[in-house]
$ cat my_file.cif   # mmCIF, C-alpha atoms
data_query
#
loop_
_atom_site.group_PDB
_atom_site.id
_atom_site.type_symbol
_atom_site.label_atom_id
_atom_site.label_comp_id
_atom_site.auth_asym_id
_atom_site.auth_seq_id
_atom_site.Cartn_x
_atom_site.Cartn_y
_atom_site.Cartn_z
ATOM 1 C CA MET F 1 56.599 31.118 19.213
ATOM 2 C CA PRO F 2 58.153 27.729 20.144
ATOM 3 C CA TYR F 3 61.881 27.291 20.403
ATOM 4 C CA ILE F 4 64.230 24.522 21.521
ATOM 5 C CA GLY F 5 63.701 23.752 25.203
ATOM 6 C CA ALA F 6 60.290 25.412 25.444
ATOM 7 C CA LYS F 7 56.840 23.830 25.148
ATOM 8 C CA GLU F 8 54.710 24.984 22.238
ATOM 9 C CA LEU F 9 51.993 27.319 23.441
ATOM 10 C CA LYS F 10 48.451 26.677 22.312
ATOM 11 C CA ALA F 11 45.743 29.212 21.757
ATOM 12 C CA SER F 12 42.602 28.820 23.841
ATOM 13 C CA ASP F 13 38.927 29.595 23.542
ATOM 14 C CA ILE F 14 37.776 31.474 26.660
ATOM 15 C CA ARG F 15 34.097 31.703 27.633
ATOM 16 C CA ARG F 16 32.543 33.761 30.458
ATOM 17 C CA PHE F 17 29.245 33.465 32.267
ATOM 18 C CA ASP F 18 27.942 35.794 35.048
ATOM 19 C CA VAL F 19 25.003 35.445 37.402
ATOM 20 C CA THR F 20 23.646 38.005 39.910
ATOM 21 C CA SER F 21 20.516 38.210 42.061
ATOM 22 C CA SER F 22 19.969 34.446 41.994
ATOM 23 C CA THR F 23 19.065 31.995 44.757
ATOM 24 C CA SER F 24 19.411 28.854 42.640
ATOM 25 C CA ALA F 25 22.027 26.102 42.737
ATOM 26 C CA THR F 26 21.654 25.228 39.043
ATOM 27 C CA HIS F 27 22.594 27.475 36.152
ATOM 28 C CA THR F 28 22.563 26.986 32.390
ATOM 29 C CA LEU F 29 25.821 27.929 30.693
ATOM 30 C CA THR F 30 25.980 29.227 27.138
ATOM 31 C CA TRP F 31 28.407 26.483 26.109
ATOM 32 C CA THR F 32 29.085 22.845 26.921
ATOM 33 C CA PRO F 33 32.223 22.393 29.019
ATOM 34 C CA PRO F 34 34.102 19.142 28.417
ATOM 35 C CA THR F 35 34.902 18.672 32.159
ATOM 36 C CA GLU F 36 34.686 20.434 35.546
ATOM 37 C CA GLN F 37 38.451 21.007 35.314
ATOM 38 C CA SER F 38 37.950 23.267 32.280
ATOM 39 C CA LEU F 39 36.030 25.781 34.447
ATOM 40 C CA ILE F 40 37.115 28.477 36.890
ATOM 41 C CA VAL F 41 34.162 29.176 39.157
ATOM 42 C CA THR F 42 34.188 32.118 41.574
ATOM 43 C CA ILE F 43 31.537 33.382 43.992
ATOM 44 C CA ASN F 44 32.059 36.954 45.164
ATOM 45 C CA GLY F 45 35.599 36.716 43.789
ATOM 46 C CA ILE F 46 36.460 33.553 45.733
ATOM 47 C CA LYS F 47 37.538 30.631 43.576
ATOM 48 C CA GLN F 48 35.534 27.477 44.212
ATOM 49 C CA HIS F 49 37.130 24.051 44.402
ATOM 50 C CA GLU F 50 35.848 21.635 41.758
ATOM 51 C CA ASP F 51 34.241 19.572 44.514
ATOM 52 C CA ALA F 52 31.893 22.503 45.077
ATOM 53 C CA TYR F 53 30.225 22.169 41.690
ATOM 54 C CA SER F 54 29.496 19.704 38.906
ATOM 55 C CA VAL F 55 28.697 20.069 35.252
ATOM 56 C CA SER F 56 26.465 18.011 32.976
ATOM 57 C CA GLY F 57 26.055 19.239 29.424
ATOM 58 C CA THR F 58 25.355 22.957 29.756
ATOM 59 C CA THR F 59 24.074 22.676 33.343
ATOM 60 C CA LEU F 60 26.325 23.851 36.189
ATOM 61 C CA THR F 61 25.192 22.666 39.614
ATOM 62 C CA LEU F 62 26.610 24.221 42.807
ATOM 63 C CA SER F 63 26.792 22.214 45.999
ATOM 64 C CA SER F 64 24.832 25.015 47.729
ATOM 65 C CA PRO F 65 22.391 27.529 46.265
ATOM 66 C CA LEU F 66 23.383 31.172 45.927
ATOM 67 C CA VAL F 67 22.047 33.922 48.130
ATOM 68 C CA ILE F 68 20.517 36.971 46.562
ATOM 69 C CA THR F 69 23.625 39.108 47.001
ATOM 70 C CA ASP F 70 26.091 36.564 45.559
ATOM 71 C CA LYS F 71 27.884 37.195 42.299
ATOM 72 C CA LEU F 72 28.726 34.062 40.340
ATOM 73 C CA GLU F 73 31.352 34.128 37.617
ATOM 74 C CA VAL F 74 32.258 31.141 35.445
ATOM 75 C CA ILE F 75 35.274 31.161 33.147
ATOM 76 C CA GLY F 76 35.557 28.342 30.634
ATOM 77 C CA ILE F 77 38.870 27.543 28.987
ATOM 78 C CA ASN F 78 38.911 25.160 26.044
ATOM 79 C CA ASP F 79 41.952 24.459 23.934
ATOM 80 C CA ILE F 80 41.237 25.357 20.338
ATOM 81 C CA GLY F 81 40.722 22.093 18.525
ATOM 82 C CA THR F 82 39.094 20.457 21.534
ATOM 83 C CA THR F 83 35.979 18.552 20.518
ATOM 84 C CA ILE F 84 32.919 19.651 22.439
ATOM 85 C CA THR F 85 29.955 17.323 22.088
ATOM 86 C CA PRO F 86 26.589 19.048 22.519
ATOM 87 C CA ALA F 87 24.294 17.518 25.105
ATOM 88 C CA GLN F 88 21.737 14.995 23.900
ATOM 89 C CA ASN F 89 18.732 16.718 22.248
ATOM 90 C CA SER F 90 20.341 20.145 22.734
ATOM 91 C CA VAL F 91 20.535 21.101 19.028
ATOM 92 C CA ASP F 92 17.251 22.217 17.488
ATOM 93 C CA ALA F 93 16.155 23.824 14.218
ATOM 94 C CA ASP F 94 16.621 27.337 15.672
ATOM 95 C CA LYS F 95 20.392 26.764 15.630
ATOM 96 C CA LEU F 96 20.407 25.897 11.921
ATOM 97 C CA ALA F 97 20.578 28.369 9.051
ATOM 98 C CA THR F 98 17.433 27.270 7.226
ATOM 99 C CA THR F 99 14.821 28.782 4.951
ATOM 100 C CA GLY F 100 11.112 28.076 4.871
ATOM 101 C CA THR F 101 8.844 27.082 7.752
ATOM 102 C CA PRO F 102 9.287 23.831 9.680
ATOM 103 C CA SER F 103 6.070 21.911 10.365
ATOM 104 C CA SER F 104 4.667 18.393 10.544
ATOM 105 C CA SER F 105 4.121 18.474 6.754
ATOM 106 C CA THR F 106 7.603 19.713 5.727
ATOM 107 C CA PHE F 107 11.073 18.198 5.685
ATOM 108 C CA LEU F 108 14.583 19.686 5.657
ATOM 109 C CA ARG F 109 16.348 19.252 2.326
ATOM 110 C CA GLY F 110 20.072 19.041 1.757
ATOM 111 C CA ASP F 111 20.133 22.734 0.808
ATOM 112 C CA MET F 112 18.703 23.544 4.271
ATOM 113 C CA ALA F 113 15.271 24.489 2.921
ATOM 114 C CA TRP F 114 12.095 23.349 4.655
ATOM 115 C CA THR F 115 9.969 21.874 1.854
ATOM 116 C CA ALA F 116 6.437 20.487 1.700
ATOM 117 C CA VAL F 117 6.207 16.718 1.366
ATOM 118 C CA SER F 118 5.107 15.975 -2.181
ATOM 119 C CA ASP F 119 6.469 12.478 -2.813
ATOM 120 C CA VAL F 120 3.770 10.088 -1.620
ATOM 121 C CA SER F 121 4.731 7.338 -4.043
ATOM 122 C CA GLY F 122 3.896 3.725 -3.315
ATOM 123 C CA LEU F 123 0.905 1.395 -3.330
ATOM 124 C CA SER F 124 -2.162 3.550 -2.792
ATOM 125 C CA SER F 125 -5.235 1.434 -3.540
ATOM 126 C CA VAL F 126 -6.587 -1.699 -5.231
ATOM 127 C CA GLN F 127 -9.599 -2.218 -7.488
ATOM 128 C CA VAL F 128 -10.905 -5.747 -7.994
ATOM 129 C CA PHE F 129 -13.228 -6.598 -10.885
ATOM 130 C CA THR F 130 -15.239 -9.800 -10.601
ATOM 131 C CA SER F 131 -17.584 -8.622 -13.357
ATOM 132 C CA SER F 132 -17.067 -6.489 -16.445
ATOM 133 C CA GLY F 133 -16.906 -2.720 -16.010
ATOM 134 C CA THR F 134 -14.802 0.419 -16.441
ATOM 135 C CA TRP F 135 -11.643 1.204 -14.507
ATOM 136 C CA THR F 136 -11.358 4.921 -13.723
ATOM 137 C CA LYS F 137 -8.023 6.276 -12.547
ATOM 138 C CA PRO F 138 -8.169 7.756 -9.025
ATOM 139 C CA ALA F 139 -6.506 11.121 -8.391
ATOM 140 C CA GLY F 140 -2.754 10.933 -7.878
ATOM 141 C CA ILE F 141 -2.273 7.490 -9.455
ATOM 142 C CA THR F 142 0.598 7.270 -11.960
ATOM 143 C CA LYS F 143 1.130 3.520 -12.418
ATOM 144 C CA VAL F 144 -0.916 0.339 -12.115
ATOM 145 C CA MET F 145 -0.060 -3.344 -11.927
ATOM 146 C CA VAL F 146 -2.802 -5.211 -13.763
ATOM 147 C CA GLU F 147 -3.509 -8.920 -13.274
ATOM 148 C CA VAL F 148 -5.888 -10.560 -15.742
ATOM 149 C CA GLN F 149 -7.215 -14.089 -15.251
ATOM 150 C CA GLY F 150 -9.365 -15.849 -17.875
ATOM 151 C CA ALA F 151 -12.233 -18.083 -16.747
ATOM 152 C CA GLY F 152 -11.987 -21.860 -16.386
ATOM 153 C CA GLY F 153 -13.825 -24.515 -18.387
ATOM 154 C CA SER F 154 -16.369 -26.873 -16.849
ATOM 155 C CA GLY F 155 -15.961 -30.612 -16.474
ATOM 156 C CA ALA F 156 -17.593 -33.169 -18.752
ATOM 157 C CA LYS F 157 -20.119 -35.893 -17.875
ATOM 158 C CA ARG F 158 -20.092 -39.580 -18.782
ATOM 159 C CA ASN F 159 -21.614 -42.672 -17.217
ATOM 160 C CA GLY F 160 -18.468 -44.752 -17.528
ATOM 161 C CA GLY F 161 -14.942 -44.824 -18.866
ATOM 162 C CA TYR F 162 -12.596 -41.858 -19.030
ATOM 163 C CA VAL F 163 -13.986 -38.373 -18.772
ATOM 164 C CA GLY F 164 -12.326 -34.945 -19.051
ATOM 165 C CA ALA F 165 -11.967 -32.124 -16.493
ATOM 166 C CA GLY F 166 -12.126 -28.429 -17.300
ATOM 167 C CA ALA F 167 -8.933 -26.607 -18.320
ATOM 168 C CA ALA F 168 -7.727 -23.396 -16.630
ATOM 169 C CA GLY F 169 -7.892 -19.885 -18.043
ATOM 170 C CA GLY F 170 -4.784 -17.933 -19.080
ATOM 171 C CA TYR F 171 -3.096 -15.389 -16.809
ATOM 172 C CA SER F 172 -1.177 -12.160 -17.532
ATOM 173 C CA LYS F 173 0.432 -9.462 -15.424
ATOM 174 C CA LYS F 174 1.619 -6.038 -16.587
ATOM 175 C CA LEU F 175 2.963 -2.789 -15.108
ATOM 176 C CA ILE F 176 1.393 0.186 -16.911
ATOM 177 C CA ASP F 177 2.228 3.891 -16.740
ATOM 178 C CA VAL F 178 -1.185 5.576 -16.595
ATOM 179 C CA SER F 179 0.045 9.172 -16.414
ATOM 180 C CA SER F 180 -1.774 9.880 -19.691
ATOM 181 C CA ILE F 181 -4.479 7.204 -19.314
ATOM 182 C CA SER F 182 -7.701 8.019 -17.473
ATOM 183 C CA SER F 183 -9.786 4.856 -17.900
ATOM 184 C CA ALA F 184 -9.839 1.323 -19.241
ATOM 185 C CA THR F 185 -12.458 -1.186 -20.339
ATOM 186 C CA VAL F 186 -12.381 -4.301 -18.171
ATOM 187 C CA THR F 187 -13.947 -7.574 -19.307
ATOM 188 C CA VAL F 188 -14.281 -10.496 -16.901
ATOM 189 C CA GLY F 189 -14.971 -13.934 -18.349
ATOM 190 C CA THR F 190 -17.644 -16.233 -16.933
ATOM 191 C CA GLY F 191 -16.707 -19.764 -15.975
ATOM 192 C CA GLY F 192 -17.909 -22.590 -18.221
ATOM 193 C CA ALA F 193 -21.377 -23.754 -17.198
ATOM 194 C CA ALA F 194 -21.801 -27.239 -15.724
ATOM 195 C CA VAL F 195 -23.390 -29.991 -17.875
ATOM 196 C CA THR F 196 -26.024 -32.521 -16.911
ATOM 197 C CA ALA F 197 -26.497 -34.640 -20.022
ATOM 198 C CA THR F 198 -24.597 -37.924 -20.277
ATOM 199 C CA SER F 199 -21.620 -38.107 -22.683
ATOM 200 C CA THR F 200 -21.482 -34.331 -22.888
ATOM 201 C CA SER F 201 -18.333 -32.229 -23.012
ATOM 202 C CA GLY F 202 -17.945 -29.283 -20.669
ATOM 203 C CA ASN F 203 -18.263 -25.650 -21.702
ATOM 204 C CA SER F 204 -15.334 -23.313 -22.243
ATOM 205 C CA GLY F 205 -14.726 -20.354 -19.938
ATOM 206 C CA GLY F 206 -14.919 -16.785 -21.196
ATOM 207 C CA SER F 207 -11.993 -14.443 -21.887
ATOM 208 C CA SER F 208 -10.959 -11.654 -19.509
ATOM 209 C CA SER F 209 -9.243 -8.500 -20.709
ATOM 210 C CA TRP F 210 -7.976 -4.974 -20.026
ATOM 211 C CA SER F 211 -8.006 -2.325 -22.761
ATOM 212 C CA ASP F 212 -6.991 1.318 -22.182
ATOM 213 C CA GLY F 213 -6.470 2.469 -25.771
ATOM 214 C CA THR F 214 -2.722 1.927 -25.521
ATOM 215 C CA ASN F 215 -2.375 -1.428 -23.801
ATOM 216 C CA THR F 216 -4.464 -4.528 -24.398
ATOM 217 C CA ILE F 217 -4.167 -7.614 -22.195
ATOM 218 C CA THR F 218 -6.276 -10.615 -23.130
ATOM 219 C CA CYS F 219 -6.500 -13.976 -21.369
ATOM 220 C CA GLY F 220 -8.620 -16.682 -22.929
ATOM 221 C CA GLY F 221 -10.841 -19.066 -21.044
ATOM 222 C CA GLY F 222 -9.991 -22.704 -20.513
ATOM 223 C CA SER F 223 -11.712 -25.359 -22.637
ATOM 224 C CA GLY F 224 -14.385 -27.647 -21.231
ATOM 225 C CA GLY F 225 -13.529 -31.282 -20.487
ATOM 226 C CA ASP F 226 -14.074 -33.971 -23.129
ATOM 227 C CA GLY F 227 -17.134 -36.146 -22.576
ATOM 228 C CA THR F 228 -17.035 -38.070 -25.855
ATOM 229 C CA THR F 229 -15.370 -41.362 -26.719
ATOM 230 C CA THR F 230 -12.490 -39.683 -28.590
ATOM 231 C CA TYR F 231 -10.393 -39.371 -25.426
ATOM 232 C CA TYR F 232 -8.581 -36.127 -26.171
ATOM 233 C CA CYS F 233 -7.080 -33.418 -23.933
ATOM 234 C CA THR F 234 -8.539 -29.932 -23.810
ATOM 235 C CA VAL F 235 -6.343 -26.844 -23.840
ATOM 236 C CA GLY F 236 -5.996 -24.023 -21.352
ATOM 237 C CA GLY F 237 -6.668 -20.388 -22.169
ATOM 238 C CA THR F 238 -4.181 -18.209 -24.042
ATOM 239 C CA ALA F 239 -2.432 -15.189 -22.469
ATOM 240 C CA THR F 240 -1.180 -12.123 -24.365
ATOM 241 C CA GLY F 241 -0.243 -8.489 -23.774
ATOM 242 C CA GLY F 242 1.328 -8.747 -20.338
ATOM 243 C CA ASP F 243 4.886 -8.451 -19.092
ATOM 244 C CA ILE F 244 4.246 -12.004 -17.883
ATOM 245 C CA ASN F 245 1.960 -14.288 -19.905
ATOM 246 C CA ILE F 246 1.105 -17.756 -18.582
ATOM 247 C CA PRO F 247 -1.272 -19.949 -20.622
ATOM 248 C CA GLY F 248 -3.828 -21.893 -18.621
ATOM 249 C CA GLY F 249 -3.080 -25.496 -17.771
ATOM 250 C CA ASP F 250 -4.475 -28.146 -20.153
ATOM 251 C CA SER F 251 -6.893 -30.770 -18.967
ATOM 252 C CA ASN F 252 -5.555 -34.293 -19.370
ATOM 253 C CA PHE F 253 -8.143 -36.864 -20.368
ATOM 254 C CA GLY F 254 -9.019 -39.022 -17.400
ATOM 255 C CA ARG F 255 -7.966 -36.322 -14.917
ATOM 256 C CA ASN F 256 -10.403 -36.518 -12.026
ATOM 257 C CA GLU F 257 -10.131 -32.945 -10.787
ATOM 258 C CA GLY F 258 -10.367 -29.571 -12.498
ATOM 259 C CA ARG F 259 -7.130 -27.915 -13.557
ATOM 260 C CA ASP F 260 -5.697 -25.331 -11.145
ATOM 261 C CA SER F 261 -5.212 -21.748 -12.329
ATOM 262 C CA MET F 262 -2.739 -19.073 -11.192
ATOM 263 C CA LEU F 263 -5.387 -17.770 -8.786
ATOM 264 C CA GLY F 264 -7.156 -20.837 -7.475
ATOM 265 C CA PHE F 265 -7.698 -24.574 -7.277
ATOM 266 C CA GLY F 266 -9.784 -26.619 -9.659
ATOM 267 C CA GLY F 267 -12.763 -28.742 -8.663
ATOM 268 C CA PRO F 268 -12.088 -31.680 -6.276
ATOM 269 C CA ASP F 269 -11.226 -35.249 -7.221
ATOM 270 C CA SER F 270 -14.208 -37.039 -8.752
ATOM 271 C CA GLN F 271 -12.730 -40.522 -9.068
ATOM 272 C CA SER F 272 -15.671 -41.899 -7.164
ATOM 273 C CA SER F 273 -19.188 -40.756 -7.990
ATOM 274 C CA ALA F 274 -19.858 -41.016 -4.267
ATOM 275 C CA ASN F 275 -17.938 -37.749 -3.907
ATOM 276 C CA PHE F 276 -20.900 -35.904 -5.370
ATOM 277 C CA THR F 277 -23.828 -37.841 -3.958
ATOM 278 C CA GLY F 278 -23.043 -36.675 -0.439
ATOM 279 C CA GLY F 279 -23.284 -32.951 -1.187
ATOM 280 C CA SER F 280 -19.677 -32.247 -2.267
ATOM 281 C CA SER F 281 -19.381 -29.662 -5.035
ATOM 282 C CA PRO F 282 -17.399 -30.445 -8.204
ATOM 283 C CA ASP F 283 -17.187 -26.742 -9.068
ATOM 284 C CA ALA F 284 -13.864 -24.931 -9.395
ATOM 285 C CA ARG F 285 -12.584 -23.478 -6.111
ATOM 286 C CA GLY F 286 -10.728 -20.450 -7.454
ATOM 287 C CA TYR F 287 -10.735 -17.770 -10.140
ATOM 288 C CA GLY F 288 -10.047 -19.169 -13.598
ATOM 289 C CA ALA F 289 -9.751 -22.814 -12.485
ATOM 290 C CA GLY F 290 -11.428 -25.783 -14.214
ATOM 291 C CA GLY F 291 -14.432 -27.702 -12.969
ATOM 292 C CA SER F 292 -14.304 -31.429 -12.208
ATOM 293 C CA PRO F 293 -15.857 -34.108 -14.443
ATOM 294 C CA THR F 294 -18.614 -36.367 -13.156
ATOM 295 C CA TYR F 295 -20.104 -39.776 -13.873
ATOM 296 C CA LEU F 296 -23.609 -39.603 -12.447
ATOM 297 C CA ASP F 297 -24.277 -36.071 -11.233
ATOM 298 C CA THR F 298 -23.951 -32.567 -12.663
ATOM 299 C CA SER F 299 -20.387 -31.725 -13.666
ATOM 300 C CA GLY F 300 -18.339 -28.971 -12.034
ATOM 301 C CA ALA F 301 -18.610 -25.423 -13.334
ATOM 302 C CA GLY F 302 -15.456 -23.514 -14.230
ATOM 303 C CA GLY F 303 -14.270 -20.618 -12.069
ATOM 304 C CA ASP F 304 -15.069 -17.096 -13.235
ATOM 305 C CA GLY F 305 -12.240 -14.848 -14.323
ATOM 306 C CA ILE F 306 -11.006 -11.792 -12.436
ATOM 307 C CA VAL F 307 -9.091 -8.555 -13.094
ATOM 308 C CA ILE F 308 -7.067 -7.000 -10.254
ATOM 309 C CA VAL F 309 -5.670 -3.460 -10.549
ATOM 310 C CA TRP F 310 -2.956 -2.479 -8.025
ATOM 311 C CA GLU F 311 -2.743 1.336 -8.036
ATOM 312 C CA TYR F 312 0.453 3.270 -7.243
ATOM 313 C CA ALA F 313 0.912 6.993 -6.636
#

$ encode --input "my_file.cif" --output "structure tokens"
Amino acid sequence: MPYIGAKELKASDIRRFDVTSSTSATHTLTWTPPTEQSLIVTINGIKQHEDAYSVSGTTLTLSSPLVITDKLEVIGINDIGTTITPAQNSVDADKLATTGTPSSSTFLRGDMAWTAVSDVSGLSSVQVFTSSGTWTKPAGITKVMVEVQGAGGSGAKRNGGYVGAGAAGGYSKKLIDVSSISSATVTVGTGGAAVTATSTSGNSGGSSSWSDGTNTITCGGGSGGDGTTTYYCTVGGTATGGDINIPGGDSNFGRNEGRDSMLGFGGPDSQSSANFTGGSSPDARGYGAGGSPTYLDTSGAGGDGIVIVWEYA
């Protein structure tokens, strides 16, 4: 034990490694020495100077290979409490106290048990409905994000004066837990049909919807543009049942392009009738958008609705 005037003694951890009948210069120790100075290396009982060997991780390399009759002895002395860092990539699963079988399809839990991967949550697939139908839940799907877009109205036609563009359909978005839901009825509205007769208002777009017996999302179609002499605005489609509900944009009287929707642009500017005599289309350019009005040619049709189902495992 320590006393005044004497240095405190420290316990040590002593390792030993023996090699016989070898002709190699490199040898793998059963521990990782911190330095060459922590080793006592003897060959046939003769201590070797540290210049005669080097150590890297668990590998001891002699400056000259052994002969078959040589006896190599390595003594390692480490002070207890000395930190020994294992060599890079030297610790594998065989050195861990685990249960189960490691494989490419298992992972090691905090309780040291190899466990099959079962959590494959995340976006798995998408179903897009551009016409009415039935959504059927794929295997493994637990939640869906549903987007519903109502159809757009068509533009009106008049020979002169102000004329109305088509309004946009409503839009809704909702996250739904489908753990106990297997299917849903999907309705996709048709865009308002174009008009050809003079002083004729456009046609309204149809409603789009999702109905699974528990949740109902309905988005109305946008109204057709005004082609009469009353000069009034037409309203966009309604939106109900979603976590987010955005009514479709109204069509201002005298607006020369169809109203944009959440999922597309309306028909192009029709301020000049020349826009449509050269082959340009006044139809809506996106789902649920309004068609453009016209003065001489056929008005622009509204954009059809759409229902998008993002499926998550």

$ resolve_selection --input "my_file.cif" --expression "the PyMOL selection byres ((chain F and resi 297-303) around 6)" --output "ChimeraX atom specification"
/F:151-157,191-196,282-284,286-294,296,304

$ residues_around --input "my_file.cif" --residues "region 161-173 of chain F" --least-positions-apart "2" --cutoff "7 Å" --atoms "all atoms listed in the file" --output "VMD selection string"
chain F and resid 146 to 158 202 219 to 227 234 to 240 242 to 262 288 to 293 302

$ atom_distance --input "my_file.cif" --atom1 "CA of Val91 (chain F)" --atom2 "CA of Tyr53 (chain F)"
24.7 Å

$ atom_distance --input "my_file.cif" --atom1 "CA of Leu175 (chain F)" --atom2 "CA of Ile306 (chain F)"
16.8 Å

$ closest_residue --input "my_file.cif" --among "F:Val144, F:Gly57, F:Ile217, F:Lys71" --to "Gln127 (chain F)" --atoms "all atoms listed in the file"
F:Val144

$ atom_distance --input "my_file.cif" --atom1 "CA of Leu123 (chain F)" --atom2 "CA of Thr136 (chain F)"
16.5 Å

$ resolve_selection --input "my_file.cif" --expression "the PyMOL selection byres ((chain F and resi 134) around 9)" --output "PyMOL selection string"
chain F and resi 132-133+135-136+183-187

$ resolve_selection --input "my_file.cif" --expression "the PyMOL selection byres ((chain F and resi 63) around 12)" --output "number ranges by chain"
F: 24-27, 48-55, 60-62, 64-66

$ closest_residue --input "my_file.cif" --among "F:Ala113, F:Pro102, F:Asn44, F:Gly305" --to "Gly206 (chain F)" --atoms "only C-alpha atoms"
F:Gly305
